[in-house]
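Raw final-v8.json, JSON, C-alpha atoms:
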[["chain", "number", "residue", "atom", "x", "y", "z"],
["O", 1, "MET", "CA", -64.26, -8.34, -25.27],
["O", 2, "LEU", "CA", -63.86, -5.86, -22.49],
["O", 3, "ARG", "CA", -60.50, -5.31, -20.94],
["O", 4, "PRO", "CA", -60.42, -4.31, -17.32],
["O", 5, "GLN", "CA", -59.19, -0.80, -17.04],
["O", 6, "SER", "CA", -56.31, -0.22, -14.69],
["O", 7, "SER", "CA", -56.61, 2.25, -11.92],
["O", 8, "PRO", "CA", -54.11, 5.14, -11.90],
["O", 9, "PHE", "CA", -53.15, 3.96, -8.38],
["O", 10, "THR", "CA", -52.26, 0.44, -9.41],
["O", 11, "VAL", "CA", -48.57, -0.28, -9.42],
["O", 12, "PRO", "CA", -47.18, -2.96, -11.73],
["O", 13, "SER", "CA", -46.27, -6.15, -9.89],
["O", 14, "TRP", "CA", -42.62, -6.04, -11.03],
["O", 15, "LEU", "CA", -42.22, -2.67, -9.29],
["O", 16, "LYS", "CA", -43.72, -4.02, -6.07],
["O", 17, "TRP", "CA", -41.31, -6.98, -6.12],
["O", 18, "SER", "CA", -38.32, -4.75, -6.92],
["O", 19, "LEU", "CA", -39.09, -2.37, -4.05],
["O", 20, "ALA", "CA", -39.65, -5.28, -1.66],
["O", 21, "ILE", "CA", -36.33, -6.91, -2.61],
["O", 22, "VAL", "CA", -34.42, -3.63, -2.33],
["O", 23, "GLY", "CA", -36.05, -2.96, 1.05],
["O", 24, "ILE", "CA", -35.15, -6.41, 2.35],
["O", 25, "LEU", "CA", -31.56, -6.05, 1.10],
["O", 26, "PHE", "CA", -31.30, -2.65, 2.79],
["O", 27, "ILE", "CA", -32.55, -4.06, 6.10],
["O", 28, "LEU", "CA", -30.13, -7.00, 5.87],
["O", 29, "ALA", "CA", -27.20, -4.68, 5.08],
["O", 30, "PHE", "CA", -28.12, -2.49, 8.07],
["O", 31, "ILE", "CA", -28.29, -5.50, 10.39],
["O", 32, "LEU", "CA", -24.90, -6.73, 9.11],
["O", 33, "PHE", "CA", -23.35, -3.27, 9.64],
["O", 34, "LEU", "CA", -24.76, -3.09, 13.17],
["O", 35, "TRP", "CA", -23.50, -6.58, 14.02],
["O", 36, "VAL", "CA", -19.97, -5.84, 12.74],
["O", 37, "TYR", "CA", -19.88, -2.50, 14.59],
["O", 38, "ILE", "CA", -20.90, -4.10, 17.90],
["O", 39, "ASP", "CA", -18.43, -6.97, 17.45],
["O", 40, "VAL", "CA", -15.48, -4.67, 16.64],
["O", 41, "ASN", "CA", -16.32, -2.30, 19.49],
["O", 42, "GLN", "CA", -16.42, -5.19, 21.96],
["O", 43, "ASP", "CA", -12.93, -6.29, 20.84],
["O", 44, "ARG", "CA", -11.63, -2.74, 21.18],
["O", 45, "LYS", "CA", -12.82, -2.50, 24.78],
["O", 46, "GLU", "CA", -11.97, -6.06, 25.76],
["O", 47, "GLY", "CA", -10.24, -6.19, 29.14],
["O", 48, "HIS", "CA", -11.33, -2.71, 30.25],
["O", 49, "PRO", "CA", -13.60, -3.95, 33.07],
["O", 50, "GLN", "CA", -10.80, -6.18, 34.38],
["O", 51, "ALA", "CA", -8.34, -3.27, 34.19],
["O", 52, "GLU", "CA", -10.76, -1.09, 36.16],
["O", 53, "ALA", "CA", -11.13, -3.79, 38.82],
["O", 54, "ILE", "CA", -7.35, -4.21, 39.18],
["O", 55, "ALA", "CA", -6.93, -0.42, 39.36],
["O", 56, "ARG", "CA", -9.50, -0.17, 42.16],
["O", 57, "GLU", "CA", -8.09, -3.10, 44.14],
["O", 58, "GLN", "CA", -4.32, -2.80, 43.68],
["O", 59, "GLY", "CA", -3.95, 0.83, 42.63],
["O", 60, "ASP", "CA", -6.39, 2.25, 45.17],
["O", 61, "LEU", "CA", -8.16, 4.37, 42.55],
["O", 62, "THR", "CA", -11.48, 5.71, 43.75],
["O", 63, "ARG", "CA", -12.47, 7.30, 40.43],
["O", 64, "ILE", "CA", -11.53, 6.07, 36.97],
["O", 65, "ASP", "CA", -11.50, 8.68, 34.23],
["O", 66, "HIS", "CA", -10.18, 6.76, 31.22],
["O", 67, "VAL", "CA", -9.07, 3.26, 30.23],
["O", 68, "SER", "CA", -7.09, 2.59, 27.07],
["O", 69, "THR", "CA", -5.23, -0.32, 25.53],
["O", 70, "TYR", "CA", -1.67, -0.16, 24.21],
["O", 71, "HIS", "CA", -0.44, -2.89, 21.89],
["O", 72, "GLY", "CA", 3.32, -3.12, 22.29],
["O", 73, "ALA", "CA", 5.31, -6.31, 22.75],
["O", 74, "ARG", "CA", 2.26, -7.41, 24.75],
["O", 75, "GLU", "CA", -1.12, -5.88, 25.41],
["O", 76, "PHE", "CA", -1.04, -3.29, 28.19],
["O", 77, "HIS", "CA", -3.93, -1.41, 29.75],
["O", 78, "ILE", "CA", -3.53, 2.17, 30.88],
["O", 79, "VAL", "CA", -5.94, 3.47, 33.50],
["O", 80, "GLN", "CA", -6.18, 7.14, 34.44],
["O", 81, "GLY", "CA", -7.98, 8.18, 37.58],
["O", 82, "ILE", "CA", -7.98, 9.67, 41.07],
["O", 83, "ASN", "CA", -6.59, 7.75, 44.05],
["O", 84, "GLU", "CA", -7.69, 7.83, 47.70],
["O", 85, "SER", "CA", -5.48, 10.85, 48.49],
["O", 86, "LYS", "CA", -7.23, 12.81, 45.68],
["O", 87, "GLU", "CA", -4.18, 12.73, 43.37],
["O", 88, "ALA", "CA", -4.45, 11.98, 39.67],
["O", 89, "SER", "CA", -2.53, 8.84, 38.67],
["O", 90, "ILE", "CA", -1.75, 6.86, 35.55],
["O", 91, "LEU", "CA", -1.54, 3.09, 36.01],
["O", 92, "PHE", "CA", 0.18, 0.83, 33.47],
["O", 93, "MET", "CA", -0.89, -2.77, 33.88],
["O", 94, "ASP", "CA", -0.82, -6.23, 32.41],
["O", 95, "ILE", "CA", -4.23, -7.75, 33.02],
["O", 96, "LYS", "CA", -3.11, -11.24, 31.99],
["O", 97, "GLU", "CA", -0.73, -11.28, 34.94],
["O", 98, "LYS", "CA", -3.22, -9.23, 36.99],
["O", 99, "LYS", "CA", -0.61, -6.76, 38.18],
["O", 100, "ILE", "CA", 0.25, -3.10, 37.95],
["O", 101, "LEU", "CA", 3.57, -2.63, 36.19],
["O", 102, "ASP", "CA", 4.01, 1.06, 36.98],
["O", 103, "GLU", "CA", 2.12, 3.91, 38.61],
["O", 104, "VAL", "CA", 2.92, 7.49, 37.70],
["O", 105, "PRO", "CA", 1.42, 10.53, 39.44],
["O", 106, "LYS", "CA", -0.13, 12.68, 36.73],
["O", 107, "GLU", "CA", 1.80, 15.79, 37.85],
["O", 108, "GLU", "CA", 5.10, 13.98, 37.15],
["O", 109, "ALA", "CA", 4.13, 13.40, 33.52],
["O", 110, "LEU", "CA", 3.81, 16.10, 30.88],
["O", 111, "PRO", "CA", 0.24, 16.74, 29.77],
["O", 112, "LEU", "CA", -0.50, 15.28, 26.35],
["O", 113, "GLU", "CA", -1.04, 18.74, 24.87],
["O", 114, "GLU", "CA", 2.34, 20.00, 26.12],
["O", 115, "MET", "CA", 4.11, 16.93, 24.72],
["O", 116, "ARG", "CA", 2.44, 17.51, 21.37],
["O", 117, "SER", "CA", 3.48, 21.17, 21.46],
["O", 118, "ARG", "CA", 7.11, 20.25, 22.22],
["O", 119, "TRP", "CA", 7.11, 17.75, 19.40],
["O", 120, "GLY", "CA", 5.57, 20.32, 17.03],
["O", 121, "ASN", "CA", 8.47, 22.69, 17.69],
["O", 122, "THR", "CA", 10.98, 20.05, 16.56],
["O", 123, "CYS", "CA", 9.08, 18.80, 13.50],
["O", 124, "SER", "CA", 7.30, 21.73, 11.90],
["O", 125, "ASN", "CA", 6.80, 20.13, 8.46],
["O", 126, "CYS", "CA", 5.27, 16.95, 9.88],
["O", 127, "THR", "CA", 1.60, 15.96, 9.91],
["O", 128, "PHE", "CA", 0.49, 14.98, 13.41],
["O", 129, "LYS", "CA", -1.78, 11.92, 13.69],
["O", 130, "ASP", "CA", -2.05, 10.79, 17.32],
["O", 131, "ILE", "CA", -0.50, 10.75, 20.78],
["O", 132, "GLN", "CA", -1.13, 8.13, 23.45],
["O", 133, "TYR", "CA", 0.44, 6.60, 26.50],
["O", 134, "GLY", "CA", 2.41, 3.40, 25.96],
["O", 135, "PHE", "CA", 4.69, 0.98, 27.76],
["O", 136, "GLU", "CA", 7.98, 0.02, 26.11],
["O", 137, "GLU", "CA", 11.00, -1.74, 27.61],
["O", 138, "ASN", "CA", 9.38, -1.73, 31.07],
["O", 139, "GLU", "CA", 9.00, 2.04, 31.02],
["O", 140, "PRO", "CA", 5.93, 4.25, 30.52],
["O", 141, "VAL", "CA", 6.23, 6.39, 27.40],
["O", 142, "PHE", "CA", 4.35, 8.66, 25.02],
["O", 143, "GLN", "CA", 3.77, 7.21, 21.55],
["O", 144, "LEU", "CA", 3.50, 9.93, 18.92],
["O", 145, "THR", "CA", 2.26, 9.00, 15.47],
["O", 146, "TYR", "CA", 2.89, 11.33, 12.55],
["O", 147, "ILE", "CA", 3.94, 11.62, 8.91],
["O", 148, "ASP", "CA", 7.40, 13.14, 8.55],
["O", 149, "GLU", "CA", 9.00, 15.36, 5.85],
["O", 150, "GLN", "CA", 9.90, 12.29, 3.78],
["O", 151, "ASN", "CA", 6.27, 11.08, 3.75],
["O", 152, "ARG", "CA", 6.97, 8.19, 6.14],
["O", 153, "TYR", "CA", 4.50, 7.01, 8.77],
["O", 154, "VAL", "CA", 6.42, 7.36, 12.05],
["O", 155, "LEU", "CA", 5.91, 5.94, 15.55],
["O", 156, "ASP", "CA", 8.15, 7.95, 17.88],
["O", 157, "TYR", "CA", 8.54, 7.38, 21.61],
["O", 158, "PHE", "CA", 9.31, 9.84, 24.43],
["O", 159, "THR", "CA", 9.54, 9.45, 28.19],
["O", 160, "LEU", "CA", 6.71, 10.91, 30.24],
["O", 161, "GLN", "CA", 9.01, 13.84, 31.08],
["O", 162, "GLY", "CA", 9.40, 14.62, 27.35],
["O", 163, "GLU", "CA", 12.89, 13.25, 26.79],
["O", 164, "ALA", "CA", 13.69, 11.28, 23.64],
["O", 165, "PHE", "CA", 13.36, 7.52, 24.02],
["O", 166, "ASP", "CA", 15.60, 5.13, 22.11],
["O", 167, "GLN", "CA", 12.83, 3.76, 19.88],
["O", 168, "ARG", "CA", 11.51, 5.15, 16.63],
["O", 169, "PHE", "CA", 9.86, 3.33, 13.76],
["O", 170, "ALA", "CA", 9.43, 4.91, 10.31],
["O", 171, "PHE", "CA", 7.46, 3.14, 7.61],
["O", 172, "ARG", "CA", 7.72, 4.17, 3.99],
["O", 173, "GLN", "CA", 4.31, 4.66, 2.41],
["O", 174, "ASN", "CA", 3.56, 3.22, -1.00],
["O", 175, "GLU", "CA", 2.30, 5.81, -3.40]]
Full structure transcribed into structure tokens:
Amino acid sequence: MLRPQSSPFTVPSWLKWSLAIVGILFILAFILFLWVYIDVNQDRKEGHPQAEAIAREQGDLTRIDHVSTYHGAREFHIVQGINESKEASILFMDIKEKKILDEVPKEEALPLEEMRSRWGNTCSNCTFKDIQYGFEENEPVFQLTYIDEQNRYVLDYFTLQGEAFDQRFAFRQNE
């Protein structure tokens, strides 16, 4: 009895099925990753359009450069931009109450880089992580995040003029 000879270009059926299953799993994993990324990014930027609208209406900003969210006792939005008199301003607002809590001309606040430099002079053995604007105890502040000499994760607060604020949180890290 003659057996059909296989062509050198014929792939076994188990290999076809394996490649098809791996391909489908890869596509599904990519779709899941994309969906999670879009969902998380939407949550991160939630409220930014409302903050921009409040800044334009109540804060008289004509150009908005940056919008960020600060999670303190409540959620605050910080909008940086240029007002009608061509001055840079920082607005601290609560979008749930639809009001601006404080407005600071940018020239009255230290630049972020200068605040980081001042902090670096006082804590030379620390590992800097982040600096951002915040709003604590009804006052605009800088929030500096770093790891100190004792390997603690620290949230330290300073006024916008660079003076020490009366809040500091240090969290011991588990090894």
Selection as a list in words: residues within 10 Å of (0.9, 16.5, 24.2), counting all atoms listed in the file: Leu110, Pro111, Leu112, Glu113, Glu114, Met115, Arg116, Ser117, Arg118, Trp119, Gly120, Asp130, Ile131, Gln132, Phe142, Leu144 and Gly162 of chain O
Those selected residues, please, written with C-alpha atoms and delivered as a compact mmCIF listing (two decimals), keeping the file's coordinate frame.
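What follows is the written file again19.txt:
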# COMPACT_ATOMS: atom_id res chain seq x y z
CA LEU O 110 3.81 16.10 30.88
CA PRO O 111 0.24 16.74 29.77
CA LEU O 112 -0.50 15.28 26.35
CA GLU O 113 -1.04 18.74 24.87
CA GLU O 114 2.34 20.00 26.12
CA MET O 115 4.11 16.93 24.72
CA ARG O 116 2.44 17.51 21.37
CA SER O 117 3.48 21.17 21.46
CA ARG O 118 7.11 20.25 22.22
CA TRP O 119 7.11 17.75 19.40
CA GLY O 120 5.57 20.32 17.03
CA ASP O 130 -2.05 10.79 17.32
CA ILE O 131 -0.50 10.75 20.78
CA GLN O 132 -1.13 8.13 23.45
CA PHE O 142 4.35 8.66 25.02
CA LEU O 144 3.50 9.93 18.92
CA GLY O 162 9.40 14.62 27.35
Atomic distance CA of Ile95 in chain O - CA of Leu160 in chain O, expressed in Å with one decimal: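 Straight-line distance from CA of Ile95 in chain O to CA of Leu160 in chain O works out to 21.8 Å.
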d(CA of Ser89 in chain O, CA of His71 in chain O) in Å: 20.6 Å
Distance of CA of Gly59 in chain O from CA of Gly47 in chain O, expressed in Å to one decimal place: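 CA of Gly59 in chain O lies 16.5 Å from CA of Gly47 in chain O.
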Contacts of Leu101 in chain O at 9 Å (only C-alpha atoms; same-chain gap of 4+ positions) as a PyMOL selection string: chain O and resi 91-94+138-139
